[in-house]
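*Asks:* Following this line is upload00.cif, made up of mmCIF, C-alpha atoms:
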```
data_query
loop_
_atom_site.label_atom_id
_atom_site.label_comp_id
_atom_site.auth_asym_id
_atom_site.auth_seq_id
_atom_site.Cartn_x
_atom_site.Cartn_y
_atom_site.Cartn_z
CA MET J 1000 152.65 149.38 24.33
CA SER J 1001 152.78 147.79 27.71
CA LEU J 1002 149.80 147.02 29.81
CA ILE J 1003 149.99 148.12 33.40
CA ARG J 1004 147.27 147.34 35.85
CA TYR J 1005 145.38 150.43 36.81
CA GLN J 1006 146.02 151.48 40.35
CA ALA J 1007 143.55 153.72 42.05
CA PRO J 1008 145.37 156.80 43.29
CA GLU J 1009 143.68 156.68 46.70
CA MET J 1010 145.36 153.34 47.32
CA SER J 1011 148.46 155.14 48.50
CA THR J 1012 146.53 156.87 51.22
CA TRP J 1013 145.08 153.65 52.48
CA PRO J 1014 146.00 153.23 56.15
CA SER J 1015 147.64 149.83 55.78
CA PHE J 1016 149.99 151.28 53.19
CA ASP J 1017 151.47 153.70 55.69
CA ARG J 1018 153.41 150.82 57.09
CA TRP J 1019 155.08 150.25 53.74
CA ALA J 1020 155.87 153.93 53.42
CA SER J 1021 157.62 153.84 56.77
CA LEU J 1022 159.35 150.63 55.73
CA ARG J 1023 160.64 152.40 52.63
CA ASP J 1024 161.90 155.28 54.76
CA GLU J 1025 163.62 152.86 57.10
CA MET J 1026 165.21 151.08 54.15
CA ASN J 1027 166.51 154.38 52.79
CA ARG J 1028 167.94 155.23 56.17
CA LEU J 1029 169.58 151.84 56.24
CA PHE J 1030 171.61 152.75 53.17
CA ASP J 1031 172.51 156.16 54.55
CA LEU J 1032 174.16 154.78 57.66
CA PRO J 1033 175.11 151.17 57.23
CA THR J 1034 176.62 150.67 60.68
CA MET J 1035 176.04 147.57 62.73
CA SER J 1036 174.32 149.23 65.64
CA ASN J 1037 172.04 150.95 63.20
CA LEU J 1038 171.17 147.67 61.56
CA ALA J 1039 170.23 146.28 64.92
CA ARG J 1040 167.98 149.24 65.48
CA GLN J 1041 166.24 148.65 62.16
CA ALA J 1042 165.25 145.24 63.42
CA GLN J 1043 162.91 147.03 65.79
CA LEU J 1044 160.81 147.94 62.79
CA PHE J 1045 159.77 144.33 62.51
CA SER J 1046 159.40 144.16 66.23
CA ASN J 1047 157.46 141.03 66.77
CA TRP J 1048 158.55 139.33 69.88
CA THR J 1049 157.94 135.62 69.43
CA PRO J 1050 159.17 133.77 72.49
CA ALA J 1051 160.27 130.18 71.89
CA LEU J 1052 157.71 127.64 73.09
CA ASP J 1053 158.28 123.94 73.71
CA LEU J 1054 155.52 121.46 74.40
CA TYR J 1055 155.95 118.16 76.20
CA GLN J 1056 153.59 115.33 76.91
CA THR J 1057 154.11 113.27 80.03
CA VAL J 1058 151.98 110.45 81.43
CA ASP J 1059 149.78 112.77 83.48
CA ASN J 1060 150.43 116.24 82.09
CA VAL J 1061 150.92 118.42 79.09
CA VAL J 1062 153.79 120.83 79.82
CA ALA J 1063 154.50 124.07 77.97
CA VAL J 1064 157.93 125.69 78.44
CA VAL J 1065 158.32 129.27 77.20
CA GLU J 1066 161.47 131.40 77.13
CA LEU J 1067 160.42 134.75 78.60
CA PRO J 1068 163.48 136.52 79.97
CA GLY J 1069 163.10 139.67 82.05
CA MET J 1070 159.38 139.57 82.72
CA ARG J 1071 157.47 140.47 85.81
CA LYS J 1072 155.28 137.66 87.06
CA GLU J 1073 152.20 139.86 87.03
CA ASP J 1074 152.72 140.76 83.36
CA ILE J 1075 152.27 137.17 82.18
CA ASN J 1076 148.75 136.05 81.26
CA ILE J 1077 147.90 132.43 80.69
CA SER J 1078 144.52 131.40 79.37
CA LEU J 1079 142.90 128.24 78.13
CA HIS J 1080 140.04 128.22 75.71
CA ASP J 1081 138.64 125.36 73.70
CA GLY J 1082 141.81 123.26 73.85
CA MET J 1083 143.95 126.23 72.92
CA LEU J 1084 146.57 127.48 75.34
CA THR J 1085 147.40 131.17 75.03
CA ILE J 1086 150.31 132.87 76.74
CA ALA J 1087 150.39 136.63 76.42
CA GLY J 1088 152.10 139.51 78.14
CA GLU J 1089 154.04 142.64 77.94
CA ARG J 1090 157.63 143.43 78.75
CA GLN J 1091 158.43 146.89 79.99
CA SER J 1092 161.25 148.75 78.36
CA SER J 1093 164.00 149.29 80.91
CA SER J 1094 165.55 152.39 79.38
CA GLY J 1095 165.86 155.34 81.67
CA GLU J 1096 166.72 158.98 81.43
CA GLY J 1097 170.18 160.21 80.57
CA GLU J 1098 170.92 157.01 78.69
CA SER J 1099 171.73 156.63 75.05
CA ALA J 1100 171.29 153.31 73.32
CA GLU J 1101 174.33 152.02 71.49
CA ARG J 1102 172.81 148.72 70.51
CA THR J 1103 169.25 147.53 70.88
CA GLU J 1104 168.43 143.98 69.99
CA ARG J 1105 166.10 143.17 72.83
CA PHE J 1106 162.41 143.51 72.29
CA SER J 1107 160.05 145.24 74.59
CA GLY J 1108 156.32 145.32 74.29
CA LYS J 1109 153.55 142.82 73.79
CA PHE J 1110 153.61 139.23 72.70
CA ARG J 1111 151.03 136.51 72.30
CA ARG J 1112 151.55 132.84 71.65
CA SER J 1113 148.83 130.25 71.12
CA ILE J 1114 149.16 126.53 70.75
CA SER J 1115 146.53 123.84 70.45
CA LEU J 1116 146.95 121.12 73.02
CA PRO J 1117 147.29 117.51 71.89
CA THR J 1118 144.86 116.16 74.50
CA ARG J 1119 142.06 117.37 76.71
CA VAL J 1120 143.22 118.93 79.96
CA ASP J 1121 141.64 119.75 83.28
CA ALA J 1122 141.43 123.53 83.11
CA SER J 1123 140.82 123.90 86.84
CA LYS J 1124 144.17 122.30 87.76
CA VAL J 1125 146.54 124.26 85.54
CA SER J 1126 149.62 125.59 87.34
CA ALA J 1127 152.60 127.69 86.26
CA THR J 1128 156.05 128.60 87.56
CA TYR J 1129 158.45 131.30 86.43
CA LYS J 1130 162.15 130.80 87.12
CA ASP J 1131 165.36 132.02 85.43
CA GLY J 1132 163.29 133.65 82.70
CA ILE J 1133 161.53 130.41 81.82
CA LEU J 1134 157.80 129.94 82.19
CA THR J 1135 156.64 126.38 82.78
CA VAL J 1136 152.91 125.71 82.47
CA THR J 1137 151.72 122.34 83.70
CA LEU J 1138 148.32 121.23 82.42
CA PRO J 1139 147.03 118.00 83.96
CA LYS J 1140 145.35 115.75 81.44
CA ALA J 1141 141.64 115.22 81.77
CA GLU J 1142 140.77 111.84 83.28
CA GLU J 1143 139.34 110.50 80.03
CA ALA J 1144 142.51 111.45 78.13
CA LYS J 1145 144.86 109.57 80.45
CA PRO J 1146 146.13 106.21 79.31
CA LYS J 1147 144.13 103.48 80.98
CA LYS J 1148 145.18 100.02 81.82
CA VAL J 1149 142.43 97.56 81.20
CA GLU J 1150 142.74 94.16 82.70
CA VAL J 1151 141.46 91.45 80.47
CA THR J 1152 141.19 88.01 81.84
CA VAL J 1153 141.62 85.24 79.41
CA GLU J 1154 139.43 82.32 80.06
CA MET A 1358 183.76 159.48 70.14
CA GLU A 1359 182.45 156.55 68.20
CA THR A 1360 184.47 153.74 69.78
CA LEU A 1361 182.43 151.85 72.33
CA THR A 1362 181.94 148.31 73.38
CA HIS A 1363 182.32 146.70 70.00
CA GLU A 1364 181.42 143.17 69.36
CA SER A 1365 184.34 140.93 68.54
CA ASN A 1366 184.26 137.56 66.87
CA GLY A 1367 185.89 135.92 69.80
CA ARG A 1368 189.52 135.01 69.74
CA ALA A 1369 188.66 131.41 70.06
CA THR A 1370 187.55 128.62 67.90
CA ARG A 1371 188.82 126.65 70.88
CA GLU A 1372 186.07 124.15 71.11
CA ASN A 1373 183.59 122.66 68.73
CA GLU A 1374 180.66 123.41 70.99
CA ARG A 1375 177.87 125.32 69.31
CA PHE A 1376 176.50 128.42 70.97
CA VAL A 1377 173.47 130.61 70.65
CA THR A 1378 174.15 134.34 70.33
CA PRO A 1379 171.93 136.02 72.91
CA PRO A 1380 170.26 139.33 72.00
CA ALA A 1381 172.06 142.24 73.66
CA SER A 1382 171.45 145.87 74.45
CA VAL A 1383 174.13 148.42 75.25
CA THR A 1384 173.26 151.76 76.81
CA GLU A 1385 175.63 154.54 77.71
CA THR A 1386 175.32 156.79 80.72
CA GLY A 1387 177.70 159.46 81.97
CA ASP A 1388 179.40 157.00 84.30
CA GLY A 1389 179.71 154.05 82.00
CA TYR A 1390 177.90 151.45 79.98
CA THR A 1391 175.20 148.95 80.76
CA LEU A 1392 175.15 145.72 78.82
CA GLU A 1393 172.09 143.49 78.96
CA LEU A 1394 171.88 140.01 77.49
CA GLU A 1395 168.94 137.63 77.29
CA MET A 1396 169.80 134.19 78.55
CA PRO A 1397 166.62 132.39 79.60
CA GLY A 1398 167.33 129.17 81.48
CA VAL A 1399 170.64 130.37 82.91
CA ASN A 1400 171.10 130.98 86.61
CA LYS A 1401 173.98 132.45 88.61
CA ASP A 1402 175.91 129.19 88.67
CA GLY A 1403 175.79 128.75 84.92
CA LEU A 1404 177.15 132.18 84.15
CA ASP A 1405 180.81 132.61 83.27
CA ILE A 1406 182.12 136.09 82.56
CA SER A 1407 185.79 136.63 81.74
CA ILE A 1408 188.05 139.36 80.46
CA GLU A 1409 191.11 138.48 78.46
CA ILE A 1410 193.28 141.40 77.36
CA ASN A 1411 190.49 143.61 76.03
CA GLU A 1412 187.94 140.98 75.19
CA LEU A 1413 184.90 140.47 77.37
CA SER A 1414 183.38 137.05 77.05
CA ILE A 1415 180.02 136.02 78.50
CA VAL A 1416 179.06 132.37 78.54
CA GLY A 1417 175.74 131.13 79.91
CA ARG A 1418 175.03 127.48 80.53
CA ARG A 1419 171.42 126.44 80.70
CA SER A 1420 169.91 124.58 83.57
CA ASN A 1421 166.49 124.15 82.02
CA PRO A 1422 163.82 122.24 83.90
CA GLN A 1423 164.02 118.57 83.04
CA ILE A 1424 160.72 117.15 81.92
CA GLU A 1425 160.13 113.43 81.79
CA GLY A 1426 158.06 112.99 78.72
CA THR A 1427 157.95 113.23 74.97
CA LEU A 1428 158.66 116.46 73.16
CA VAL A 1429 155.64 117.31 71.01
CA HIS A 1430 156.76 120.70 69.72
CA ARG A 1431 160.13 122.45 69.93
CA GLU A 1432 161.15 126.03 69.19
CA SER A 1433 163.92 126.59 71.72
CA ARG A 1434 167.52 125.82 70.87
CA PRO A 1435 169.36 123.47 73.18
CA HIS A 1436 172.77 125.13 72.94
CA ASN A 1437 174.37 127.28 75.58
CA TYR A 1438 174.87 131.01 75.08
CA ARG A 1439 178.04 132.88 74.26
CA ARG A 1440 178.85 136.39 73.20
CA THR A 1441 182.09 138.37 73.15
CA PHE A 1442 182.70 142.09 73.08
CA GLU A 1443 185.76 144.21 72.61
CA ILE A 1444 186.16 146.55 75.55
CA ASP A 1445 186.70 150.22 74.95
CA PRO A 1446 189.85 151.61 76.63
CA SER A 1447 187.69 154.08 78.56
CA ILE A 1448 186.23 151.22 80.62
CA ASP A 1449 187.68 150.43 84.02
CA THR A 1450 187.93 146.63 83.72
CA GLY A 1451 188.59 146.23 87.44
CA LYS A 1452 185.18 147.63 88.31
CA ILE A 1453 182.90 145.60 86.04
CA SER A 1454 180.03 144.04 87.92
CA ALA A 1455 177.30 141.64 86.84
CA ARG A 1456 174.01 140.22 88.01
CA ILE A 1457 171.37 137.91 86.60
CA THR A 1458 167.65 138.11 87.22
CA GLN A 1459 165.01 136.07 85.41
CA GLY A 1460 167.33 135.23 82.53
CA ILE A 1461 168.59 138.77 81.98
CA VAL A 1462 172.31 139.32 82.51
CA THR A 1463 173.11 142.92 83.38
CA LEU A 1464 176.72 144.06 83.28
CA THR A 1465 177.75 147.45 84.57
CA LEU A 1466 180.91 148.71 82.96
CA PRO A 1467 182.09 151.93 84.62
CA LYS A 1468 184.35 154.36 82.80
CA THR A 1469 187.76 155.19 84.25
CA GLU A 1470 187.89 158.31 86.40
CA GLU A 1471 189.91 160.17 83.75
CA VAL A 1472 187.22 160.02 81.12
CA LYS A 1473 184.20 160.75 83.31
CA PRO A 1474 182.64 164.15 82.79
CA ARG A 1475 183.54 166.37 85.70
CA LYS A 1476 183.01 169.86 86.84
CA ILE A 1477 185.97 172.05 87.66
CA THR A 1478 185.37 174.48 90.40
CA VAL A 1479 187.18 177.73 90.14
CA SER A 1480 188.71 178.79 93.43
#
```
Would you write out, as structure tokens, the structure that this file holds?
*Replies:*
Amino acid sequence: MSLIRYQAPEMSTWPSFDRWASLRDEMNRLFDLPTMSNLARQAQLFSNWTPALDLYQTVDNVVAVVELPGMRKEDINISLHDGMLTIAGERQSSSGEGESAERTERFSGKFRRSISLPTRVDASKVSATYKDGILTVTLPKAEEAKPKKVEVTVE
Amino acid sequence: METLTHESNGRATRENERFVTPPASVTETGDGYTLELEMPGVNKDGLDISIEINELSIVGRRSNPQIEGTLVHRESRPHNYRRTFEIDPSIDTGKISARITQGIVTLTLPKTEEVKPRKITVS
């Protein structure tokens, strides 16, 4: 006799399990049509757009560089809270009518990235630029976080 | 017809340079295909698109902002972008056009006149 953990039947109707049911369906479909373009489409199931983020520290600033191709400036939100920089936004899908997708690898939709900053920054002086699909956020360091040169006279 | 702009492995192992494969989308309209590639950090000058026999090759060279400082955290890859596609015979290679806006390369690949859907008027 084998012992199997009892599973409440209502578990399968639990909302968070729906996701797994759709995952199973997607997996089955994957085996039905194992073409490349189809595989690329399956990737949309796990559609979590995580833009690459780099963080630099210069003498005066902390600089965040994020790869965000194809955004509109007004769809990018930058916020600073408790030493945590958050960059969020949404990319509109560009598909129009009378088009059929042959291959879809690009993500559309929402994203959110948060990173804790290594030093204290002056929140009132934060600036950002968006060029060639790259967002650069410059966060000036707070006065007390800047390296200070202290003159010591030796007597 | 199932044959479209297929991806090819690239005829070349010409150079040892490493490349990033940019995500791409291909959509078909009645007049042709639209190919979109994500190449953040690339501008017009860094883009190199070529057609050799029936292979379309798109190379993007980054001109990322240079920051004088220490890198604390890195997720981006420093390599340039490259992707190659095999062109379907229905595409008019002489009429391919391209543009780049905010790191998105958009190529318009029109079909040849012969394969475009057309209406025949009966006189």
*Asks:* Which residues are near Val1065 of chain J? Cut-off 7 Å, only C-alpha atoms, ignore same chain within fewer than 4 positions. Put them as an NGL selection string.
*Replies:* :J and (1050-1053 or 1133-1135)
*Asks:* If we count only C-alpha atoms, which residues of chain J reach to within 7 Å of chain A? Please list them as an mmCIF file with C-alpha atoms, in the coordinates of the input.
*Replies:*
```cif
data_model
loop_
_atom_site.group_PDB
_atom_site.id
_atom_site.type_symbol
_atom_site.label_atom_id
_atom_site.label_comp_id
_atom_site.auth_asym_id
_atom_site.auth_seq_id
_atom_site.Cartn_x
_atom_site.Cartn_y
_atom_site.Cartn_z
ATOM 1 C CA ALA J 1051 160.270 130.180 71.890
ATOM 2 C CA LEU J 1052 157.710 127.640 73.090
ATOM 3 C CA ASP J 1053 158.280 123.940 73.710
ATOM 4 C CA LEU J 1054 155.520 121.460 74.400
ATOM 5 C CA TYR J 1055 155.950 118.160 76.200
ATOM 6 C CA GLN J 1056 153.590 115.330 76.910
ATOM 7 C CA THR J 1057 154.110 113.270 80.030
ATOM 8 C CA GLU J 1066 161.470 131.400 77.130
ATOM 9 C CA LEU J 1067 160.420 134.750 78.600
ATOM 10 C CA PRO J 1068 163.480 136.520 79.970
ATOM 11 C CA GLY J 1069 163.100 139.670 82.050
ATOM 12 C CA GLY J 1097 170.180 160.210 80.570
ATOM 13 C CA GLU J 1098 170.920 157.010 78.690
ATOM 14 C CA SER J 1099 171.730 156.630 75.050
ATOM 15 C CA ALA J 1100 171.290 153.310 73.320
ATOM 16 C CA GLU J 1101 174.330 152.020 71.490
ATOM 17 C CA ARG J 1102 172.810 148.720 70.510
ATOM 18 C CA THR J 1103 169.250 147.530 70.880
ATOM 19 C CA GLU J 1104 168.430 143.980 69.990
ATOM 20 C CA ARG J 1105 166.100 143.170 72.830
ATOM 21 C CA LYS J 1130 162.150 130.800 87.120
ATOM 22 C CA ASP J 1131 165.360 132.020 85.430
ATOM 23 C CA GLY J 1132 163.290 133.650 82.700
ATOM 24 C CA ILE J 1133 161.530 130.410 81.820
#
```
*Asks:* Find the distance between atom CA of Ser1123 of chain J and atom CA of Trp1048 of chain J and write it in Å to one decimal.
*Replies:*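 Pair atom CA of Ser1123 of chain J / atom CA of Trp1048 of chain J returns 29.0 Å.
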*Asks:* Please identify all polymer residues within 7 Å of segment 1072-1075 of chain J, counting all atoms listed in the file, omitting same-chain residues fewer than 5 positions from it, and present them as a VMD selection string.
*Replies:* chain J and resid 1087 to 1089
*Asks:* Tell me, in Å to one decimal, how far atom CA of Gly1403 of chain A is from atom CA of Glu1443 of chain A.
*Replies:*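 Computed distance, atom CA of Gly1403 of chain A to atom CA of Glu1443 of chain A, equals 22.1 Å.
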*Asks:* Please, what distance in Å, to one decimal, runs between atom CA of Glu1142 of chain J and atom CA of Ser1115 of chain J?
*Replies:*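 Computing it gives 18.5 Å between the two atoms.
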*Asks:* Report as number ranges by chain the residues that result from applying the PyMOL selection byres ((chain J and resi 1136) around 9) to the structure here.
*Replies:* J: 1061-1065, 1077, 1125-1129, 1134-1135, 1137-1138
*Asks:* Which residues, written as a list in words, have at least one atom at most 12 Å from Pro1146 of chain J, with only C-alpha atoms counted and residues fewer than 2 positions away on the same chain left out?
*Replies:* Thr1057, Val1058, Asp1059, Asn1060, Thr1118, Lys1140, Ala1141, Glu1142, Glu1143, Ala1144, Lys1148 and Val1149 of chain J
*Asks:* Export, as a PDB file, in the coordinates of the input, the selected residues with C-alpha atoms.
*Replies:*
```
ATOM      1  CA  THR J1057     154.110 113.270  80.030  1.00  0.00           C
ATOM      2  CA  VAL J1058     151.980 110.450  81.430  1.00  0.00           C
ATOM      3  CA  ASP J1059     149.780 112.770  83.480  1.00  0.00           C
ATOM      4  CA  ASN J1060     150.430 116.240  82.090  1.00  0.00           C
ATOM      5  CA  THR J1118     144.860 116.160  74.500  1.00  0.00           C
ATOM      6  CA  LYS J1140     145.350 115.750  81.440  1.00  0.00           C
ATOM      7  CA  ALA J1141     141.640 115.220  81.770  1.00  0.00           C
ATOM      8  CA  GLU J1142     140.770 111.840  83.280  1.00  0.00           C
ATOM      9  CA  GLU J1143     139.340 110.500  80.030  1.00  0.00           C
ATOM     10  CA  ALA J1144     142.510 111.450  78.130  1.00  0.00           C
ATOM     11  CA  LYS J1148     145.180 100.020  81.820  1.00  0.00           C
ATOM     12  CA  VAL J1149     142.430  97.560  81.200  1.00  0.00           C
TER      13      VAL J1149
END
```
*Asks:* Evaluate the PyMOL selection byres ((chain A and resi 1466) around 7) on the structure here and hand back the selected residues as a PyMOL selection string.
*Replies:* chain A and resi 1389-1391+1448+1452-1454+1464-1465+1467-1468
